[in-house]
Amino acid sequence: MEKKVYMMVGPTTIPQRVLNAMNVESFSHRTDKYSALQEKVTTNLKKIFNTENEVFVLTSSGTGAMEATIQNCFSAGDEVVVPTIGKFSDQYAHMCELYGLNVIRVPFENGETADINKVMEKVTPKTRGVFVVHNESATGVFNDIEAFGKALKDTNALFVVDSVSGLGGLEVKMDEWNIDIIFTSSQKALMAPPGLAFLAISDKAWAYVEESKFPKYYFDFKLAREHNKKNQTLVTPTIYTLLAVNESLNIMFEEGLDNIYKRHEENTQMIIEGVKRLGLALFAKDEKFASKTLTAIYVPGKSKEIVKALGERGVIVNGGIGALAEDVFRVGTMGYVSKNDVLLFLNALEDVVSKIN
Ligand SMILES: *Cc1c(COP(=O)(O)O)cnc(C)c1O
């Protein structure tokens with residue numbers, strides 16, 4: 001096969017137009033030219049976040065944004081509730097523990113979505129935050145963020161959402177869904193190189209920022225807000241990644257957000273049906289909560305072999321992570337993935353499955 005098919009879960013494939021947008025002379029982040037770029041990107045991102053809140057630009061991967069939420073909105077000893085459904089939500093709980101928060105984990109089995117009633121049983125007037133991963137990239141399962149937002153609306157808890165593998169591929173309505181903090185990063189559904197995270201903060205969360213006692217500088221939200229008034233950042237950002245995200249957003253608004261979400265759903269549905277036709281199983285226990293930006297396929301003991309065999313056929317997908325490394329492989333529909341890519345993937349998978357069984 002001469003054409004390669006890239007269906008990765010992050011970093012995702014970068015469209016040629018986006019690569020070309022970075023092929024420019026260097027310029028300073030203290031210029032009007034830079035400010036115009038940042039203003040355009042954050043204005044467009046507000047439409048993807050569906051928020052009136054400002055969107056901030058952080059130079060870091062997604063994990064930096066995770067850490068920033070803890071540093072800025074909480075203090076040691078604060079009680080927080082974290083439903084864990086896989087590697088990324090486990091990691092968020094772990095990071096909160098490292099900072100000395102009083103973390104109440106609500107664990108679910110890998111492959112399950114978080115049961116909101118079980119999580120709400122742990123939320124009391126003392127709860128300062130609930131951290132939910134929108135789309136658990138390790139297990140290919142999403143959480144119902146809208147329903148969580150409804151349940152948490154009149155509580156004292158900040159609703160913090162890691163949508164690193166969601167935003168741009170899954171519809172999000174920050175304001176309508178009562179989300180207090182939500183973030184993503186450049187290298188997933190936004191089809192750009194790694195290097196930037198984007199984060200928005202509600203008025204309720206700003207009050208918590210005022211109370212937080214942790215020291216911080218690089219990720220200080222108040223400093224970010226000062227600089228954002230001039231459409232700048234505290235320190236030198238990854239300007240080239242911002243150029244790339246700007247072009248990605250141009251492409252996304254040309255296609256239309258509703259069309260993008262529909263394409264992610266349709267491509268995922270084709271994969272799910274194709275995989276079942278080949279006699280393979282989804283890792284998600286309930287198909288209703290199977291992620292629309294990546295599909296995790298359960299192949300006990302055979303993940304590495306399958307990923308390698310697909311690679312030999314020009315189809316680039318990802319293996320499992322952590323405890324699932326041998327048993328799950330993951331195929332991304334995130335970002336720049338077409339229906340034709342899905343068909344080529346399914347053809348290659350059929351060939352691979354017929355040879356290894
Ligand atoms: C990719 C990802 C992250 C962050 O990963 P980085 O490598 O730090 O960008 C966080 N959460 C989820 C759900 C992810 O998919």
# chains A, B, ... in the order shown; residues from 1 in each chain; ligands from 1
>>> residues_around(residues="segment 171-178 of chain A", least_positions_apart="3", cutoff="9 Å", atoms="only C-alpha atoms", output="ChimeraX atom specification")
/A:48-53,145-150,152-153,159,163,166-168,181-182,200,202,257-258,261
>>> select_by_dssp(residues="segment 308-355 of chain A", states="alpha helix (DSSP H)", output="list in words")
Lys308, Ala309, Leu310, Gly311, Glu312, Lys339, Asn340, Asp341, Val342, Leu343, Leu344, Phe345, Leu346, Asn347, Ala348, Leu349, Glu350, Asp351, Val352, Val353, Ser354 and Lys355 of chain A
>>> write_last_selection(atoms="N, CA and C atoms", output="PDB file, in the first residue's frame")
ATOM      1  N   LYS A 308       1.728  -4.015  15.005  1.00  0.00           N
ATOM      2  CA  LYS A 308       2.878  -4.173  14.120  1.00  0.00           C
ATOM      3  C   LYS A 308       2.421  -4.608  12.723  1.00  0.00           C
ATOM      4  N   ALA A 309       1.508  -5.565  12.679  1.00  0.00           N
ATOM      5  CA  ALA A 309       1.026  -6.075  11.389  1.00  0.00           C
ATOM      6  C   ALA A 309       0.260  -4.996  10.622  1.00  0.00           C
ATOM      7  N   LEU A 310      -0.495  -4.183  11.325  1.00  0.00           N
ATOM      8  CA  LEU A 310      -1.192  -3.074  10.662  1.00  0.00           C
ATOM      9  C   LEU A 310      -0.171  -2.069  10.116  1.00  0.00           C
ATOM     10  N   GLY A 311       0.867  -1.811  10.900  1.00  0.00           N
ATOM     11  CA  GLY A 311       1.928  -0.890  10.468  1.00  0.00           C
ATOM     12  C   GLY A 311       2.588  -1.379   9.191  1.00  0.00           C
ATOM     13  N   GLU A 312       2.806  -2.684   9.095  1.00  0.00           N
ATOM     14  CA  GLU A 312       3.409  -3.255   7.884  1.00  0.00           C
ATOM     15  C   GLU A 312       2.497  -3.068   6.672  1.00  0.00           C
ATOM     16  N   LYS A 339     -13.529   9.004   6.071  1.00  0.00           N
ATOM     17  CA  LYS A 339     -14.232   7.734   5.917  1.00  0.00           C
ATOM     18  C   LYS A 339     -13.363   6.734   5.142  1.00  0.00           C
ATOM     19  N   ASN A 340     -12.648   7.266   4.148  1.00  0.00           N
ATOM     20  CA  ASN A 340     -11.781   6.391   3.360  1.00  0.00           C
ATOM     21  C   ASN A 340     -10.661   5.791   4.226  1.00  0.00           C
ATOM     22  N   ASP A 341     -10.117   6.582   5.135  1.00  0.00           N
ATOM     23  CA  ASP A 341      -9.104   6.049   6.060  1.00  0.00           C
ATOM     24  C   ASP A 341      -9.688   4.882   6.857  1.00  0.00           C
ATOM     25  N   VAL A 342     -10.946   5.060   7.295  1.00  0.00           N
ATOM     26  CA  VAL A 342     -11.584   4.011   8.097  1.00  0.00           C
ATOM     27  C   VAL A 342     -11.732   2.735   7.266  1.00  0.00           C
ATOM     28  N   LEU A 343     -12.136   2.891   6.002  1.00  0.00           N
ATOM     29  CA  LEU A 343     -12.290   1.705   5.135  1.00  0.00           C
ATOM     30  C   LEU A 343     -10.947   1.004   4.943  1.00  0.00           C
ATOM     31  N   LEU A 344      -9.888   1.780   4.725  1.00  0.00           N
ATOM     32  CA  LEU A 344      -8.565   1.183   4.532  1.00  0.00           C
ATOM     33  C   LEU A 344      -8.113   0.465   5.815  1.00  0.00           C
ATOM     34  N   PHE A 345      -8.394   1.073   6.955  1.00  0.00           N
ATOM     35  CA  PHE A 345      -8.065   0.446   8.244  1.00  0.00           C
ATOM     36  C   PHE A 345      -8.794  -0.885   8.381  1.00  0.00           C
ATOM     37  N   LEU A 346     -10.084  -0.884   8.078  1.00  0.00           N
ATOM     38  CA  LEU A 346     -10.875  -2.111   8.268  1.00  0.00           C
ATOM     39  C   LEU A 346     -10.408  -3.217   7.309  1.00  0.00           C
ATOM     40  N   ASN A 347     -10.061  -2.830   6.077  1.00  0.00           N
ATOM     41  CA  ASN A 347      -9.530  -3.822   5.131  1.00  0.00           C
ATOM     42  C   ASN A 347      -8.246  -4.437   5.654  1.00  0.00           C
ATOM     43  N   ALA A 348      -7.348  -3.578   6.136  1.00  0.00           N
ATOM     44  CA  ALA A 348      -6.066  -4.069   6.651  1.00  0.00           C
ATOM     45  C   ALA A 348      -6.302  -4.944   7.878  1.00  0.00           C
ATOM     46  N   LEU A 349      -7.227  -4.536   8.730  1.00  0.00           N
ATOM     47  CA  LEU A 349      -7.493  -5.305   9.949  1.00  0.00           C
ATOM     48  C   LEU A 349      -8.054  -6.690   9.597  1.00  0.00           C
ATOM     49  N   GLU A 350      -8.911  -6.717   8.603  1.00  0.00           N
ATOM     50  CA  GLU A 350      -9.486  -8.011   8.185  1.00  0.00           C
ATOM     51  C   GLU A 350      -8.362  -8.961   7.750  1.00  0.00           C
ATOM     52  N   ASP A 351      -7.438  -8.422   6.980  1.00  0.00           N
ATOM     53  CA  ASP A 351      -6.313  -9.222   6.514  1.00  0.00           C
ATOM     54  C   ASP A 351      -5.474  -9.712   7.694  1.00  0.00           C
ATOM     55  N   VAL A 352      -5.199  -8.806   8.618  1.00  0.00           N
ATOM     56  CA  VAL A 352      -4.375  -9.147   9.778  1.00  0.00           C
ATOM     57  C   VAL A 352      -5.062 -10.229  10.617  1.00  0.00           C
ATOM     58  N   VAL A 353      -6.336 -10.038  10.863  1.00  0.00           N
ATOM     59  CA  VAL A 353      -7.065 -10.979  11.720  1.00  0.00           C
ATOM     60  C   VAL A 353      -7.108 -12.369  11.065  1.00  0.00           C
ATOM     61  N   SER A 354      -7.265 -12.407   9.758  1.00  0.00           N
ATOM     62  CA  SER A 354      -7.356 -13.707   9.077  1.00  0.00           C
ATOM     63  C   SER A 354      -6.017 -14.446   9.163  1.00  0.00           C
ATOM     64  N   LYS A 355      -4.920 -13.689   9.318  1.00  0.00           N
ATOM     65  CA  LYS A 355      -3.603 -14.340   9.335  1.00  0.00           C
ATOM     66  C   LYS A 355      -3.143 -14.722  10.749  1.00  0.00           C
TER      67      LYS A 355
END
>>> residues_around(residues="Glu112 of chain A", least_positions_apart="5", cutoff="7 Å", atoms="only C-alpha atoms", output="list in words")
Ile85, Val141, Ala284 and Lys285 of chain A
>>> residues_near_ligand(ligand="ligand 1", cutoff="7 Å", atoms="only C-alpha atoms and all ligand atoms", output="ChimeraX atom specification")
/A:10,61-64,88,133-137,162-165,185
>>> write_last_selection(atoms="C-alpha atoms", output="PDB file, in the first residue's frame")
ATOM      1  CA  GLY A  10      -2.259  11.676  19.904  1.00  0.00           C
ATOM      2  CA  SER A  61       1.283  19.466  27.040  1.00  0.00           C
ATOM      3  CA  GLY A  62      -2.111  18.501  28.456  1.00  0.00           C
ATOM      4  CA  THR A  63      -0.598  17.315  31.727  1.00  0.00           C
ATOM      5  CA  GLY A  64       0.639  20.833  32.444  1.00  0.00           C
ATOM      6  CA  PHE A  88      -5.678   9.386  32.712  1.00  0.00           C
ATOM      7  CA  VAL A 133     -11.915  13.023  32.429  1.00  0.00           C
ATOM      8  CA  HIS A 134     -14.217  13.664  29.466  1.00  0.00           C
ATOM      9  CA  ASN A 135     -12.828  10.972  27.222  1.00  0.00           C
ATOM     10  CA  GLU A 136     -10.633   8.295  28.815  1.00  0.00           C
ATOM     11  CA  SER A 137      -8.044   7.740  26.110  1.00  0.00           C
ATOM     12  CA  ASP A 162      -9.962  17.067  31.288  1.00  0.00           C
ATOM     13  CA  SER A 163     -11.158  17.142  27.690  1.00  0.00           C
ATOM     14  CA  VAL A 164      -7.718  16.678  26.135  1.00  0.00           C
ATOM     15  CA  SER A 165      -8.967  13.924  23.825  1.00  0.00           C
ATOM     16  CA  SER A 185      -4.015  20.406  24.151  1.00  0.00           C
TER      17      SER A 185
END
>>> closest_residue(among="A:Phe183, A:Phe142, A:Phe131, A:Tyr92", to="Leu45 of chain A", atoms="only C-alpha atoms")
A:Phe183
>>> closest_atom_pairs(of="segment 25-82 of chain A", to="segment 245-253 of chain A", cutoff="12 Å", atoms="only C-alpha atoms", output="CSV")
residue,atom,partner,partner_atom,distance
A:Tyr34,CA,A:Asn246,CA,11.7
A:Ala36,CA,A:Asn246,CA,10.9
A:Leu37,CA,A:Asn246,CA,7.4
A:Gln38,CA,A:Asn246,CA,8.4
A:Glu39,CA,A:Asn246,CA,10.1
A:Lys40,CA,A:Asn246,CA,7.4
A:Val41,CA,A:Asn246,CA,5.5
A:Thr42,CA,A:Asn246,CA,9.1
A:Thr43,CA,A:Leu249,CA,10.4
A:Asn44,CA,A:Leu249,CA,7.0
A:Leu45,CA,A:Leu249,CA,8.0
A:Lys46,CA,A:Leu249,CA,11.3
A:Lys47,CA,A:Phe253,CA,9.8
A:Ile48,CA,A:Leu249,CA,9.5
A:Val57,CA,A:Val245,CA,11.3
>>> write_last_selection(atoms="all heavy atoms", output="compact mmCIF listing (two decimals), in the first residue's frame")
# COMPACT_ATOMS: atom_id res chain seq x y z
N TYR A 34 1.89 38.99 16.81
CA TYR A 34 1.62 37.85 17.68
C TYR A 34 0.25 37.99 18.37
O TYR A 34 -0.54 37.04 18.42
CB TYR A 34 2.72 37.67 18.75
CG TYR A 34 2.31 36.57 19.71
CD1 TYR A 34 2.52 35.24 19.38
CD2 TYR A 34 1.60 36.87 20.88
CE1 TYR A 34 2.05 34.23 20.20
CE2 TYR A 34 1.12 35.86 21.70
CZ TYR A 34 1.36 34.55 21.36
OH TYR A 34 0.86 33.54 22.15
N ALA A 36 -2.38 39.51 17.51
CA ALA A 36 -3.49 39.27 16.58
C ALA A 36 -3.70 37.77 16.39
O ALA A 36 -4.84 37.28 16.33
CB ALA A 36 -3.21 39.95 15.24
N LEU A 37 -2.59 37.04 16.32
CA LEU A 37 -2.67 35.58 16.17
C LEU A 37 -3.33 34.95 17.40
O LEU A 37 -4.27 34.15 17.29
CB LEU A 37 -1.25 35.02 15.99
CG LEU A 37 -1.09 33.50 16.00
CD1 LEU A 37 -1.73 32.88 14.76
CD2 LEU A 37 0.39 33.11 16.06
N GLN A 38 -2.86 35.33 18.59
CA GLN A 38 -3.43 34.73 19.81
C GLN A 38 -4.91 35.10 19.94
O GLN A 38 -5.73 34.25 20.33
CB GLN A 38 -2.65 35.19 21.05
CG GLN A 38 -3.21 34.56 22.32
CD GLN A 38 -2.40 34.83 23.58
OE1 GLN A 38 -1.18 34.69 23.58
NE2 GLN A 38 -3.08 35.21 24.64
N GLU A 39 -5.24 36.33 19.61
CA GLU A 39 -6.64 36.76 19.74
C GLU A 39 -7.54 35.93 18.81
O GLU A 39 -8.63 35.49 19.20
CB GLU A 39 -6.78 38.26 19.42
CG GLU A 39 -8.21 38.74 19.65
CD GLU A 39 -8.38 40.22 19.43
OE1 GLU A 39 -7.49 40.86 18.81
OE2 GLU A 39 -9.41 40.76 19.87
N LYS A 40 -7.04 35.69 17.61
CA LYS A 40 -7.86 34.93 16.65
C LYS A 40 -8.04 33.48 17.14
O LYS A 40 -9.15 32.93 17.10
CB LYS A 40 -7.20 34.96 15.27
CG LYS A 40 -8.05 34.28 14.23
CD LYS A 40 -7.59 34.54 12.80
CE LYS A 40 -8.30 33.54 11.90
NZ LYS A 40 -7.39 32.85 10.99
N VAL A 41 -6.95 32.89 17.61
CA VAL A 41 -7.04 31.50 18.06
C VAL A 41 -7.97 31.37 19.26
O VAL A 41 -8.85 30.51 19.30
CB VAL A 41 -5.63 30.95 18.40
CG1 VAL A 41 -5.72 29.63 19.14
CG2 VAL A 41 -4.81 30.79 17.13
N THR A 42 -7.82 32.26 20.24
CA THR A 42 -8.64 32.10 21.45
C THR A 42 -10.11 32.45 21.16
O THR A 42 -11.01 31.83 21.74
CB THR A 42 -8.10 32.95 22.62
OG1 THR A 42 -7.97 34.30 22.20
CG2 THR A 42 -6.75 32.44 23.09
N THR A 43 -10.35 33.39 20.26
CA THR A 43 -11.73 33.70 19.89
C THR A 43 -12.38 32.49 19.22
O THR A 43 -13.52 32.14 19.52
CB THR A 43 -11.76 34.93 18.94
OG1 THR A 43 -11.13 36.01 19.62
CG2 THR A 43 -13.18 35.32 18.58
N ASN A 44 -11.64 31.84 18.35
CA ASN A 44 -12.18 30.63 17.70
C ASN A 44 -12.36 29.49 18.70
O ASN A 44 -13.33 28.74 18.63
CB ASN A 44 -11.26 30.19 16.55
CG ASN A 44 -11.58 30.94 15.26
OD1 ASN A 44 -12.71 31.40 15.08
ND2 ASN A 44 -10.62 31.04 14.37
N LEU A 45 -11.42 29.37 19.63
CA LEU A 45 -11.54 28.27 20.61
C LEU A 45 -12.77 28.47 21.51
O LEU A 45 -13.39 27.49 21.94
CB LEU A 45 -10.27 28.16 21.46
CG LEU A 45 -9.09 27.50 20.75
CD1 LEU A 45 -7.82 27.65 21.57
CD2 LEU A 45 -9.37 26.01 20.48
N LYS A 46 -13.12 29.73 21.78
CA LYS A 46 -14.31 29.97 22.61
C LYS A 46 -15.55 29.34 21.96
O LYS A 46 -16.45 28.87 22.65
CB LYS A 46 -14.54 31.47 22.80
CG LYS A 46 -13.61 32.08 23.85
CD LYS A 46 -13.61 33.59 23.84
CE LYS A 46 -14.89 34.14 24.43
NZ LYS A 46 -14.74 35.60 24.72
N LYS A 47 -15.57 29.32 20.63
CA LYS A 47 -16.71 28.71 19.93
C LYS A 47 -16.69 27.19 20.09
O LYS A 47 -17.74 26.54 20.08
CB LYS A 47 -16.67 29.08 18.45
CG LYS A 47 -16.83 30.57 18.21
CD LYS A 47 -16.72 30.90 16.71
CE LYS A 47 -16.39 32.37 16.51
NZ LYS A 47 -15.74 32.62 15.21
N ILE A 48 -15.51 26.62 20.20
CA ILE A 48 -15.42 25.16 20.38
C ILE A 48 -15.72 24.80 21.85
O ILE A 48 -16.37 23.79 22.12
CB ILE A 48 -14.02 24.66 19.94
CG1 ILE A 48 -13.92 24.81 18.40
CG2 ILE A 48 -13.78 23.22 20.36
CD1 ILE A 48 -12.59 24.43 17.82
N VAL A 57 -3.84 30.50 26.92
CA VAL A 57 -2.85 29.73 26.18
C VAL A 57 -1.71 29.37 27.12
O VAL A 57 -1.05 30.26 27.67
CB VAL A 57 -2.29 30.57 25.00
CG1 VAL A 57 -1.20 29.82 24.25
CG2 VAL A 57 -3.42 30.99 24.06
>>> atom_distance(atom1="atom CA of Thr59 of chain A", atom2="atom CA of Pro237 of chain A")
5.3 Å
>>> residues_around(residues="Ser186 of chain A", least_positions_apart="3", cutoff="9 Å", atoms="only C-alpha atoms", output="list of chain:residue names")
A:Pro11, A:Ser61, A:Gly62, A:Val164, A:Ala189, A:Leu190, A:Met191, A:Ala192, A:Pro193, A:Pro194, A:Gly195, A:Leu196, A:Ala197, A:Phe198, A:Thr241, A:Leu242, A:Ala244, A:Val245
>>> write_last_selection(atoms="all heavy atoms", output="short mmCIF file (atom, residue, chain, number, x, y, z; two decimals), in the first residue's frame")
data_model
loop_
_atom_site.label_atom_id
_atom_site.label_comp_id
_atom_site.auth_asym_id
_atom_site.auth_seq_id
_atom_site.Cartn_x
_atom_site.Cartn_y
_atom_site.Cartn_z
N PRO A 11 0.12 12.12 19.61
CA PRO A 11 -0.15 13.15 18.62
C PRO A 11 -0.88 12.57 17.41
O PRO A 11 -0.61 11.44 17.01
CB PRO A 11 1.23 13.65 18.20
CG PRO A 11 2.20 13.06 19.16
CD PRO A 11 1.54 11.92 19.83
N SER A 61 2.18 20.50 27.55
CA SER A 61 1.28 19.47 27.04
C SER A 61 0.02 19.48 27.92
O SER A 61 -0.12 20.32 28.81
CB SER A 61 1.98 18.10 27.07
OG SER A 61 2.00 17.60 28.39
N GLY A 62 -0.86 18.54 27.69
CA GLY A 62 -2.11 18.50 28.46
C GLY A 62 -1.89 18.33 29.95
O GLY A 62 -2.61 18.91 30.77
N VAL A 164 -8.87 16.66 27.05
CA VAL A 164 -7.72 16.68 26.13
C VAL A 164 -8.00 15.85 24.87
O VAL A 164 -7.64 16.26 23.77
CB VAL A 164 -6.44 16.20 26.85
CG1 VAL A 164 -5.29 16.06 25.86
CG2 VAL A 164 -6.05 17.18 27.95
N ALA A 189 -7.38 16.37 18.96
CA ALA A 189 -8.38 16.68 17.92
C ALA A 189 -8.07 17.98 17.19
O ALA A 189 -8.64 18.25 16.13
CB ALA A 189 -9.77 16.73 18.54
N LEU A 190 -7.17 18.79 17.73
CA LEU A 190 -6.85 20.06 17.07
C LEU A 190 -5.78 19.89 15.97
O LEU A 190 -5.39 20.89 15.34
CB LEU A 190 -6.42 21.13 18.08
CG LEU A 190 -7.50 21.54 19.10
CD1 LEU A 190 -6.96 22.59 20.07
CD2 LEU A 190 -8.74 22.08 18.40
N MET A 191 -5.32 18.68 15.75
CA MET A 191 -4.51 18.35 14.55
C MET A 191 -3.22 19.17 14.41
O MET A 191 -2.78 19.44 13.30
CB MET A 191 -5.34 18.59 13.26
CG MET A 191 -6.71 17.98 13.27
SD MET A 191 -7.62 18.26 11.72
CE MET A 191 -8.03 20.00 11.85
N ALA A 192 -2.64 19.57 15.52
CA ALA A 192 -1.43 20.41 15.48
C ALA A 192 -0.30 19.70 16.23
O ALA A 192 -0.52 18.69 16.89
CB ALA A 192 -1.74 21.77 16.09
N PRO A 193 0.92 20.22 16.14
CA PRO A 193 2.00 19.59 16.91
C PRO A 193 1.77 19.77 18.41
O PRO A 193 0.99 20.63 18.82
CB PRO A 193 3.24 20.39 16.48
CG PRO A 193 2.85 21.14 15.26
CD PRO A 193 1.37 21.36 15.34
N PRO A 194 2.47 18.98 19.22
CA PRO A 194 2.38 19.16 20.67
C PRO A 194 2.96 20.52 21.06
O PRO A 194 3.67 21.15 20.28
CB PRO A 194 3.26 18.05 21.23
CG PRO A 194 3.59 17.16 20.11
CD PRO A 194 3.38 17.90 18.85
N GLY A 195 2.66 20.96 22.28
CA GLY A 195 3.32 22.15 22.80
C GLY A 195 2.41 23.18 23.43
O GLY A 195 2.88 24.06 24.14
N LEU A 196 1.10 23.10 23.18
CA LEU A 196 0.20 24.08 23.78
C LEU A 196 -0.99 23.40 24.44
O LEU A 196 -1.49 22.38 23.94
CB LEU A 196 -0.33 25.06 22.73
CG LEU A 196 0.64 26.12 22.21
CD1 LEU A 196 0.00 26.89 21.06
CD2 LEU A 196 1.06 27.08 23.33
N ALA A 197 -1.42 24.01 25.55
CA ALA A 197 -2.69 23.62 26.17
C ALA A 197 -3.58 24.85 26.19
O ALA A 197 -3.09 25.99 26.23
CB ALA A 197 -2.46 23.10 27.58
N PHE A 198 -4.88 24.65 26.12
CA PHE A 198 -5.86 25.74 26.12
C PHE A 198 -6.85 25.47 27.23
O PHE A 198 -7.36 24.35 27.34
CB PHE A 198 -6.56 25.82 24.76
CG PHE A 198 -5.61 26.00 23.61
CD1 PHE A 198 -5.26 24.92 22.81
CD2 PHE A 198 -5.03 27.23 23.37
CE1 PHE A 198 -4.36 25.08 21.76
CE2 PHE A 198 -4.13 27.41 22.32
CZ PHE A 198 -3.79 26.32 21.51
N THR A 241 3.57 26.33 17.19
CA THR A 241 2.39 25.49 17.44
C THR A 241 1.12 26.33 17.38
O THR A 241 0.09 25.89 16.89
CB THR A 241 2.52 24.77 18.80
OG1 THR A 241 3.68 23.95 18.77
CG2 THR A 241 1.32 23.90 19.09
N LEU A 242 1.22 27.58 17.83
CA LEU A 242 0.05 28.46 17.77
C LEU A 242 -0.32 28.77 16.31
O LEU A 242 -1.50 28.81 15.96
CB LEU A 242 0.30 29.75 18.56
CG LEU A 242 -0.96 30.55 18.91
CD1 LEU A 242 -1.89 29.75 19.83
CD2 LEU A 242 -0.61 31.88 19.56
N ALA A 244 0.15 26.77 13.93
CA ALA A 244 -0.46 25.53 13.43
C ALA A 244 -1.91 25.43 13.90
O ALA A 244 -2.81 25.12 13.11
CB ALA A 244 0.35 24.33 13.93
N VAL A 245 -2.14 25.69 15.17
CA VAL A 245 -3.51 25.60 15.69
C VAL A 245 -4.42 26.60 14.96
O VAL A 245 -5.56 26.30 14.63
CB VAL A 245 -3.54 25.84 17.22
CG1 VAL A 245 -4.97 25.94 17.74
CG2 VAL A 245 -2.80 24.71 17.94
#
>>> residues_around(residues="Ala207 of chain A", least_positions_apart="2", cutoff="12 Å", atoms="only C-alpha atoms", output="list in words")
Asn72, Cys73, Phe74, Arg128, Asn156, Ala157, Leu158, Asp180, Ile201, Ser202, Asp203, Lys204, Ala205, Val209, Glu210, Glu211, Ser212, Phe221 and Lys222 of chain A
>>> closest_residue(among="A:Ser303, A:Asn20, A:Thr113, A:Thr12", to="Leu243 of chain A", atoms="only C-alpha atoms")
A:Asn20
>>> closest_residue(among="A:Met120, A:Val132, A:Ala76, A:Ala65", to="Asn102 of chain A", atoms="only C-alpha atoms")
A:Ala76
>>> closest_residue(among="A:Asp327, A:Lys302, A:Asn318, A:Asp286", to="Ile356 of chain A", atoms="only C-alpha atoms")
A:Lys302
>>> atom_distance(atom1="atom CA of Asn228 of chain A", atom2="atom CA of Lys33 of chain A")
14.7 Å
